[in-house]
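Next comes model.tsv, with TSV, C-alpha atoms.
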```tsv
chain	number	residue	atom	x	y	z
F	1	MET	CA	91.62	91.94	81.10
F	2	THR	CA	93.52	89.30	83.06
F	3	LYS	CA	96.32	87.63	81.10
F	4	ILE	CA	97.73	84.25	82.14
F	5	HIS	CA	100.54	82.74	80.11
F	6	PRO	CA	99.72	79.19	78.94
F	7	SER	CA	102.74	77.78	80.79
F	8	ALA	CA	101.79	79.36	84.13
F	9	LEU	CA	100.16	77.22	86.84
F	10	VAL	CA	97.34	79.04	88.64
F	11	ASP	CA	95.33	77.12	91.24
F	12	PRO	CA	91.58	77.30	90.60
F	13	SER	CA	91.01	78.69	94.11
F	14	ALA	CA	93.40	81.63	93.60
F	15	GLU	CA	91.61	84.98	93.22
F	16	LEU	CA	92.87	87.29	90.48
F	17	ASP	CA	91.36	90.75	90.08
F	18	LYS	CA	90.99	92.46	86.71
F	19	ASP	CA	94.02	93.39	84.60
F	20	VAL	CA	96.35	90.98	86.44
F	21	GLU	CA	99.15	89.49	84.33
F	22	ILE	CA	100.80	86.15	85.15
F	23	GLY	CA	103.99	85.46	83.22
F	24	ALA	CA	105.48	82.29	81.80
F	25	TYR	CA	106.20	79.39	84.18
F	26	SER	CA	104.97	81.29	87.24
F	27	ILE	CA	103.07	79.40	89.95
F	28	VAL	CA	100.16	80.90	91.89
F	29	GLY	CA	98.99	78.59	94.67
F	30	ALA	CA	95.74	77.91	96.42
F	31	GLY	CA	94.36	80.75	98.52
F	32	VAL	CA	96.47	83.48	96.91
F	33	ARG	CA	94.71	86.77	96.15
F	34	ILE	CA	96.17	89.30	93.69
F	35	GLY	CA	94.77	92.81	93.27
F	36	LYS	CA	93.96	94.58	90.04
F	37	GLY	CA	96.70	95.84	87.78
F	38	SER	CA	99.41	93.67	89.33
F	39	LYS	CA	102.00	92.14	87.01
F	40	ILE	CA	103.69	88.86	87.90
F	41	HIS	CA	106.66	88.28	85.62
F	42	SER	CA	107.95	84.86	84.58
F	43	HIS	CA	109.22	82.19	87.00
F	44	VAL	CA	107.62	83.69	90.12
F	45	VAL	CA	106.23	81.49	92.90
F	46	ILE	CA	103.39	82.86	95.07
F	47	GLN	CA	102.08	80.51	97.74
F	48	GLY	CA	100.08	80.24	100.92
F	49	ARG	CA	97.60	82.71	102.39
F	50	THR	CA	99.14	85.62	100.50
F	51	LEU	CA	97.35	88.84	99.61
F	52	LEU	CA	98.96	91.10	97.01
F	53	GLY	CA	97.26	94.47	96.67
F	54	GLU	CA	96.87	96.56	93.56
F	55	ALA	CA	99.47	97.48	90.93
F	56	ASN	CA	102.32	95.45	92.37
F	57	MET	CA	105.22	94.34	90.15
F	58	VAL	CA	106.88	91.00	90.96
F	59	PHE	CA	109.98	90.13	88.94
F	60	PRO	CA	111.40	86.72	87.93
F	61	PHE	CA	112.44	84.15	90.54
F	62	ALA	CA	110.89	85.98	93.49
F	63	THR	CA	109.36	83.69	96.12
F	64	VAL	CA	106.35	85.21	97.83
F	65	GLY	CA	104.57	83.48	100.70
F	66	SER	CA	106.62	80.30	101.10
F	67	VAL	CA	106.62	78.79	104.60
F	68	PRO	CA	108.58	80.64	107.31
F	69	GLN	CA	112.19	79.70	107.92
F	70	ASP	CA	111.47	79.06	111.58
F	71	LEU	CA	111.86	75.67	113.24
F	72	LYS	CA	108.91	76.47	115.52
F	73	TYR	CA	106.53	76.79	112.58
F	74	GLN	CA	104.02	73.93	112.60
F	75	GLY	CA	101.98	74.66	109.52
F	76	GLU	CA	99.60	77.15	111.11
F	77	PRO	CA	97.53	79.14	108.55
F	78	SER	CA	99.45	82.39	108.85
F	79	GLU	CA	99.36	85.20	106.32
F	80	LEU	CA	101.47	87.49	104.18
F	81	ILE	CA	99.72	90.78	103.41
F	82	ILE	CA	101.29	93.12	100.85
F	83	GLY	CA	99.84	96.54	100.00
F	84	ASN	CA	99.75	98.47	96.74
F	85	ARG	CA	102.27	99.64	94.15
F	86	ASN	CA	105.23	97.73	95.50
F	87	THR	CA	108.15	96.62	93.33
F	88	ILE	CA	109.52	93.19	94.25
F	89	ARG	CA	112.65	92.48	92.25
F	90	GLU	CA	114.43	89.27	91.26
F	91	TYR	CA	115.08	86.57	93.88
F	92	VAL	CA	113.37	88.48	96.71
F	93	SER	CA	111.81	86.20	99.32
F	94	LEU	CA	108.95	87.06	101.68
F	95	ASN	CA	107.59	84.70	104.33
F	96	PRO	CA	104.25	84.75	106.17
F	97	GLY	CA	103.88	85.06	109.93
F	98	THR	CA	103.94	82.51	112.72
F	99	SER	CA	101.97	81.89	115.90
F	100	GLY	CA	104.81	83.52	117.83
F	101	GLY	CA	104.37	86.85	116.07
F	102	GLY	CA	100.71	87.50	115.44
F	103	MET	CA	100.33	85.14	112.46
F	104	VAL	CA	101.00	87.79	109.83
F	105	THR	CA	103.82	89.47	107.93
F	106	ARG	CA	102.85	92.89	106.54
F	107	VAL	CA	104.34	95.05	103.80
F	108	GLY	CA	102.77	98.45	103.13
F	109	ASP	CA	102.65	100.54	99.97
F	110	GLN	CA	105.17	101.80	97.41
F	111	ASN	CA	108.18	99.90	98.69
F	112	LEU	CA	111.14	98.94	96.52
F	113	LEU	CA	112.51	95.53	97.49
F	114	MET	CA	115.67	95.05	95.48
F	115	MET	CA	117.29	91.83	94.30
F	116	TYR	CA	117.96	89.03	96.81
F	117	CYS	CA	116.59	90.86	99.85
F	118	HIS	CA	114.66	88.78	102.40
F	119	ILE	CA	111.65	89.74	104.54
F	120	ALA	CA	111.32	87.09	107.24
F	121	HIS	CA	108.31	85.91	109.23
F	122	ASP	CA	106.31	88.38	111.32
F	123	CYS	CA	108.05	91.46	109.95
F	124	ILE	CA	106.16	94.71	109.56
F	125	VAL	CA	107.38	96.96	106.74
F	126	GLY	CA	105.71	100.35	106.30
F	127	ASN	CA	105.49	102.58	103.26
F	128	ARG	CA	107.95	104.00	100.72
F	129	ASN	CA	110.98	102.13	101.98
F	130	VAL	CA	113.95	101.06	99.86
F	131	ILE	CA	115.49	97.74	100.91
F	132	ALA	CA	118.56	97.23	98.78
F	133	ASN	CA	120.23	94.18	97.28
F	134	GLY	CA	120.96	91.31	99.62
F	135	ALA	CA	119.60	92.97	102.76
F	136	THR	CA	117.99	90.61	105.28
F	137	LEU	CA	115.30	91.34	107.85
F	138	GLY	CA	115.25	88.72	110.58
F	139	GLY	CA	111.95	87.65	112.10
F	140	HIS	CA	109.73	90.18	113.91
F	141	VAL	CA	111.61	93.22	112.54
F	142	ILE	CA	109.69	96.50	112.22
F	143	VAL	CA	110.69	98.99	109.55
F	144	GLU	CA	108.60	102.15	109.63
F	145	ASP	CA	108.27	104.57	106.66
F	146	PHE	CA	110.80	106.25	104.33
F	147	VAL	CA	113.66	104.04	105.52
F	148	ILE	CA	116.65	103.20	103.31
F	149	VAL	CA	118.26	99.84	104.08
F	150	GLY	CA	121.61	99.60	102.30
F	151	GLY	CA	122.92	96.61	100.40
F	152	LEU	CA	123.89	93.50	102.39
F	153	VAL	CA	122.53	94.93	105.64
F	154	GLY	CA	121.55	92.37	108.27
F	155	ILE	CA	118.86	93.32	110.79
F	156	HIS	CA	118.59	91.15	113.90
F	157	GLN	CA	115.29	89.67	115.02
F	158	PHE	CA	112.94	92.01	116.94
F	159	VAL	CA	114.84	95.17	115.94
F	160	HIS	CA	112.79	98.31	115.25
F	161	ILE	CA	113.90	100.84	112.61
F	162	GLY	CA	112.34	104.29	112.97
F	163	THR	CA	110.88	106.39	110.19
F	164	GLY	CA	113.30	108.23	107.92
F	165	ALA	CA	116.37	106.29	109.09
F	166	ILE	CA	119.16	105.14	106.79
F	167	LEU	CA	121.29	102.02	107.32
F	168	GLY	CA	124.67	102.06	105.62
F	169	ALA	CA	125.65	99.25	103.28
F	170	GLY	CA	126.99	96.13	104.97
F	171	SER	CA	125.80	97.14	108.44
F	172	MET	CA	124.84	94.56	111.05
F	173	VAL	CA	122.02	96.11	113.08
F	174	SER	CA	121.36	94.50	116.47
F	175	LYS	CA	119.64	97.37	118.30
F	176	ASP	CA	116.83	99.76	117.48
F	177	VAL	CA	117.59	102.73	115.21
F	178	PRO	CA	115.72	105.93	116.16
F	179	PRO	CA	113.79	107.95	113.58
F	180	TYR	CA	115.77	110.11	111.14
F	181	CYS	CA	119.14	108.63	112.18
F	182	ASN	CA	122.08	107.28	110.16
F	183	ALA	CA	123.32	103.92	111.48
F	184	THR	CA	126.36	102.20	110.00
F	185	GLY	CA	128.87	99.51	110.88
F	186	ASP	CA	129.25	96.16	112.61
F	187	ARG	CA	127.62	96.40	115.10
F	188	ALA	CA	125.85	99.46	113.79
F	189	LYS	CA	126.48	102.77	115.52
F	190	LEU	CA	124.87	106.15	114.98
F	191	HIS	CA	126.59	108.63	112.71
F	192	GLY	CA	124.31	111.63	112.97
F	193	LEU	CA	121.06	112.21	111.15
F	194	ASN	CA	119.82	111.29	107.69
F	195	VAL	CA	119.80	114.98	106.81
F	196	GLU	CA	119.77	114.43	103.06
F	197	GLY	CA	116.72	112.22	103.38
F	198	LEU	CA	114.92	114.87	105.43
F	199	LYS	CA	115.74	117.55	102.85
F	200	ARG	CA	114.55	115.39	99.96
F	201	ARG	CA	111.23	114.91	101.73
F	202	GLY	CA	110.85	118.66	102.07
F	203	PHE	CA	111.36	119.08	105.80
F	204	ASP	CA	111.67	122.73	106.84
F	205	GLN	CA	115.11	123.72	108.09
F	206	SER	CA	113.65	124.65	111.50
F	207	ILE	CA	112.37	121.09	111.91
F	208	ILE	CA	115.73	119.62	110.90
F	209	ASP	CA	117.46	121.90	113.41
F	210	ALA	CA	115.08	120.78	116.17
F	211	ILE	CA	115.71	117.10	115.42
F	212	ARG	CA	119.46	117.78	115.37
F	213	LYS	CA	119.27	119.42	118.80
F	214	ALA	CA	117.30	116.47	120.15
F	215	TYR	CA	119.92	114.09	118.74
F	216	ARG	CA	122.76	116.03	120.37
F	217	ILE	CA	121.05	116.15	123.76
F	218	CYS	CA	120.31	112.43	123.67
F	219	PHE	CA	123.52	111.06	122.21
F	220	GLN	CA	126.26	113.66	122.59
F	221	SER	CA	125.65	114.89	126.13
F	222	LYS	CA	126.62	112.97	129.26
F	223	LEU	CA	123.05	112.78	130.48
F	224	LYS	CA	121.35	109.50	131.25
F	225	THR	CA	118.72	108.59	128.68
F	226	ASP	CA	115.69	109.43	130.85
F	227	ASP	CA	117.22	112.77	131.84
F	228	ALA	CA	118.10	113.56	128.22
F	229	LEU	CA	114.58	112.82	127.04
F	230	GLU	CA	113.13	115.02	129.75
F	231	LYS	CA	115.49	117.83	128.79
F	232	ILE	CA	114.36	117.51	125.16
F	233	ARG	CA	110.71	117.71	126.20
F	234	GLN	CA	111.35	120.81	128.28
F	235	GLU	CA	113.63	122.75	125.95
F	236	LEU	CA	112.59	121.90	122.38
F	237	PRO	CA	109.43	122.75	120.47
F	238	ALA	CA	106.60	120.25	120.87
F	239	ILE	CA	106.53	119.32	117.19
F	240	PRO	CA	105.53	115.86	115.92
F	241	GLU	CA	109.03	114.99	114.67
F	242	VAL	CA	110.68	115.63	118.02
F	243	GLU	CA	107.91	113.80	119.84
F	244	LYS	CA	108.33	110.80	117.52
F	245	PHE	CA	112.07	110.79	118.19
F	246	VAL	CA	111.57	110.94	121.97
F	247	SER	CA	108.73	108.41	122.09
F	248	PHE	CA	110.66	105.90	120.01
F	249	ILE	CA	113.68	105.96	122.33
F	250	ALA	CA	111.53	105.86	125.47
F	251	ALA	CA	109.64	102.80	124.19
F	252	SER	CA	112.66	100.82	122.96
F	253	GLU	CA	112.92	97.37	124.56
F	254	ARG	CA	116.18	96.27	122.93
F	255	GLY	CA	117.92	99.57	123.50
F	256	VAL	CA	118.97	101.89	120.72
F	257	CYS	CA	122.14	102.17	118.65
F	258	ARG	CA	124.53	104.86	119.90
```
How does this structure look as structure tokens?
Amino acid sequence: MTKIHPSALVDPSAELDKDVEIGAYSIVGAGVRIGKGSKIHSHVVIQGRTLLGEANMVFPFATVGSVPQDLKYQGEPSELIIGNRNTIREYVSLNPGTSGGGMVTRVGDQNLLMMYCHIAHDCIVGNRNVIANGATLGGHVIVEDFVIVGGLVGIHQFVHIGTGAILGAGSMVSKDVPPYCNATGDRAKLHGLNVEGLKRRGFDQSIIDAIRKAYRICFQSKLKTDDALEKIRQELPAIPEVEKFVSFIAASERGVCR
């Protein structure tokens, strides 16, 4: 049964599925859709063409779907699409897309967005990521799956963060971070692999060893990038994790952290 606190303001055109809870003094604007089992705590503002999936938790003072912080935005009907079972903590802000980025910002499933973090316009955030307190994703950032973004990290516009990467607290990330890597510093540099993260996810030691060898060939040899990637393809097992690592680096447009 849907529960709406008497002090909450819910636009008549908003669509609330069953078992949604809207807390005191929260505002749900026109065109918002909220999936079943989601709980919106007090003092939350949800606006615009925003879709919240099922079983999401949104904590006080979060701002979800307010207009992009982009001077080029002209009021186009862009969207913010959020998946299922995400936790959006206090003072988090998420903006919809713009015409310059496909008109949509997407957040996947089972992400933890901690206090004061910001997901800007046209970002794509995958699944099971942890974005810690005060971290900021500039516009058009892609964060794949199982990424840990440390507190107060700043990610430059158009940067791509590969699956399983970890960004150390306070890092300023201006280039792409390959899958499974540890990037830290201002400007962020690579400091090996996120080995602990791989172990926690149950990766076999042989797979970790193969990724480590690929990392060493690419970043610790004196080979040019194209030659290093070719050497990896020739010498290492053709497993999905190595292929993902190689493909990511080969496709990078901004260049990768080193």
*Residues at most 8 Å from Tyr91 (chain F), counting only C-alpha atoms, excluding those fewer than 6 positions away in the same chain, as a ChimeraX atom specification?*
/F:59-63,115-117
*Would you list the residues near (100.3, 74.6, 113.7) (no more than 12 Å away, in the coordinates of the file, using only C-alpha atoms) as a list in words?*
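Those within range, by chain then number, are Val67, Leu71, Lys72, Tyr73, Gln74, Gly75, Glu76, Pro77, Ser78, Gly97, Thr98, Ser99, Gly100 and Met103 of chain F.
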Would you mind exporting the chosen residues as a compact mmCIF listing (two decimals), in the coordinates of the input, restricted to C-alpha atoms?
```
# COMPACT_ATOMS: atom_id res chain seq x y z
CA VAL F 67 106.62 78.79 104.60
CA LEU F 71 111.86 75.67 113.24
CA LYS F 72 108.91 76.47 115.52
CA TYR F 73 106.53 76.79 112.58
CA GLN F 74 104.02 73.93 112.60
CA GLY F 75 101.98 74.66 109.52
CA GLU F 76 99.60 77.15 111.11
CA PRO F 77 97.53 79.14 108.55
CA SER F 78 99.45 82.39 108.85
CA GLY F 97 103.88 85.06 109.93
CA THR F 98 103.94 82.51 112.72
CA SER F 99 101.97 81.89 115.90
CA GLY F 100 104.81 83.52 117.83
CA MET F 103 100.33 85.14 112.46
```
*Kindly give the distance, in Å, that separates CA of Arg254 (chain F) and CA of Gln110 (chain F), rounded to a single decimal.*
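Distance between the two atoms: 28.3 Å.
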*asked:* Show me, as number ranges by chain, the residues that have an atom within 8 Å of Val153 (chain F) when counting only C-alpha atoms, minus same-chain residues fewer than 5 positions from it.
replied: F: 134-136, 167-173
Restrict the selected residues to C-alpha atoms and save them as a short mmCIF file (atom, residue, chain, number, x, y, z; two decimals), in the frame of the given file.
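The result, stored in part07.cif:
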```cif
data_model
loop_
_atom_site.label_atom_id
_atom_site.label_comp_id
_atom_site.auth_asym_id
_atom_site.auth_seq_id
_atom_site.Cartn_x
_atom_site.Cartn_y
_atom_site.Cartn_z
CA GLY F 134 120.96 91.31 99.62
CA ALA F 135 119.60 92.97 102.76
CA THR F 136 117.99 90.61 105.28
CA LEU F 167 121.29 102.02 107.32
CA GLY F 168 124.67 102.06 105.62
CA ALA F 169 125.65 99.25 103.28
CA GLY F 170 126.99 96.13 104.97
CA SER F 171 125.80 97.14 108.44
CA MET F 172 124.84 94.56 111.05
CA VAL F 173 122.02 96.11 113.08
#
```
*asked:* Between F:Asp186, F:Glu230, F:Asp70, F:Glu79, which residue has the minimum interatomic distance to Gly31 (chain F), considering only C-alpha atoms?
replied: F:Glu79
*Have a look at F:Asp11, F:Glu243, F:Glu253, F:Asp145 and name the one nearest to Gly48 (chain F); count only C-alpha atoms.*
F:Asp11
*Identify the residues within 7 Å of coordinate (104.8, 74.9, 79.2) (same frame as the file), considering all atoms listed in the file, and give the answer as number ranges by chain.*
F: 6-7, 25
Dump as a PDB file, in the coordinates of the input, selection limited to C-alpha atoms:
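Done, and the output landed in out24.pdb:
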```pdb
ATOM      1  CA  PRO F   6      99.720  79.190  78.940  1.00  0.00           C
ATOM      2  CA  SER F   7     102.740  77.780  80.790  1.00  0.00           C
ATOM      3  CA  TYR F  25     106.200  79.390  84.180  1.00  0.00           C
TER       4      TYR F  25
END
```
*Quick one: distance from CA of Ala188 (chain F) to CA of Ile148 (chain F) in Å, one decimal?*
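Atom-to-atom, CA of Ala188 (chain F) and CA of Ile148 (chain F) are spaced 14.4 Å apart.
Shortest separation to Ala250 (chain F) among F:Glu90, F:Asp176, F:Glu54, F:Asp109 occurs at residue F:Asp176, atoms counted being all atoms listed in the file.
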*Could you check how far CA of Ile4 (chain F) sits from CA of Lys18 (chain F), in Å to one decimal?*
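CA of Ile4 (chain F) sits 11.6 Å away from CA of Lys18 (chain F).
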Would you compute an axis-aligned box for region 180-198 of chain F, covering every atom listed for it in the file with 8 Å of margin on each side, and report centre and edge lengths in Å to one decimal as lines of an AutoDock Vina configuration file?
```
center_x = 122.1
center_y = 105.6
center_z = 109.3
size_x = 30.3
size_y = 34.8
size_z = 28.5
```
*When distances are computed from only C-alpha atoms, which of F:Ser42, F:Asn95, F:Ser13, F:Thr163 shows the smallest separation from Ser66 (chain F)?*
F:Asn95
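Distance check against Ile239 (chain F) using all atoms listed in the file: of F:Pro179, F:Cys123, F:Val10, F:Ile207, the minimum falls on F:Ile207.
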*From F:Asn194, F:Cys181, F:Asp209, F:Arg106, residue lying nearest Phe245 (chain F) [all atoms listed in the file]*: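 Closest to Phe245 (chain F), using all atoms listed in the file: F:Cys181.
By chain and then residue number, the residues within 8 Å of Ala210 (chain F) are Ser206, Ala214, Leu236, Pro237 and Val242 of chain F, counting only C-alpha atoms and disregarding those fewer than 4 positions away in sequence.
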Contact residues around Thr2 (chain F) with all atoms listed in the file at 8 Å, ignoring same-chain residues under 6 positions, as an mmCIF file with C-alpha atoms, in the coordinates of the input:
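See part.cif below for the written result:
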```cif
data_model
loop_
_atom_site.group_PDB
_atom_site.id
_atom_site.type_symbol
_atom_site.label_atom_id
_atom_site.label_comp_id
_atom_site.auth_asym_id
_atom_site.auth_seq_id
_atom_site.Cartn_x
_atom_site.Cartn_y
_atom_site.Cartn_z
ATOM 1 C CA LEU F 16 92.870 87.290 90.480
ATOM 2 C CA ASP F 17 91.360 90.750 90.080
ATOM 3 C CA LYS F 18 90.990 92.460 86.710
ATOM 4 C CA ASP F 19 94.020 93.390 84.600
ATOM 5 C CA VAL F 20 96.350 90.980 86.440
ATOM 6 C CA GLU F 21 99.150 89.490 84.330
#
```
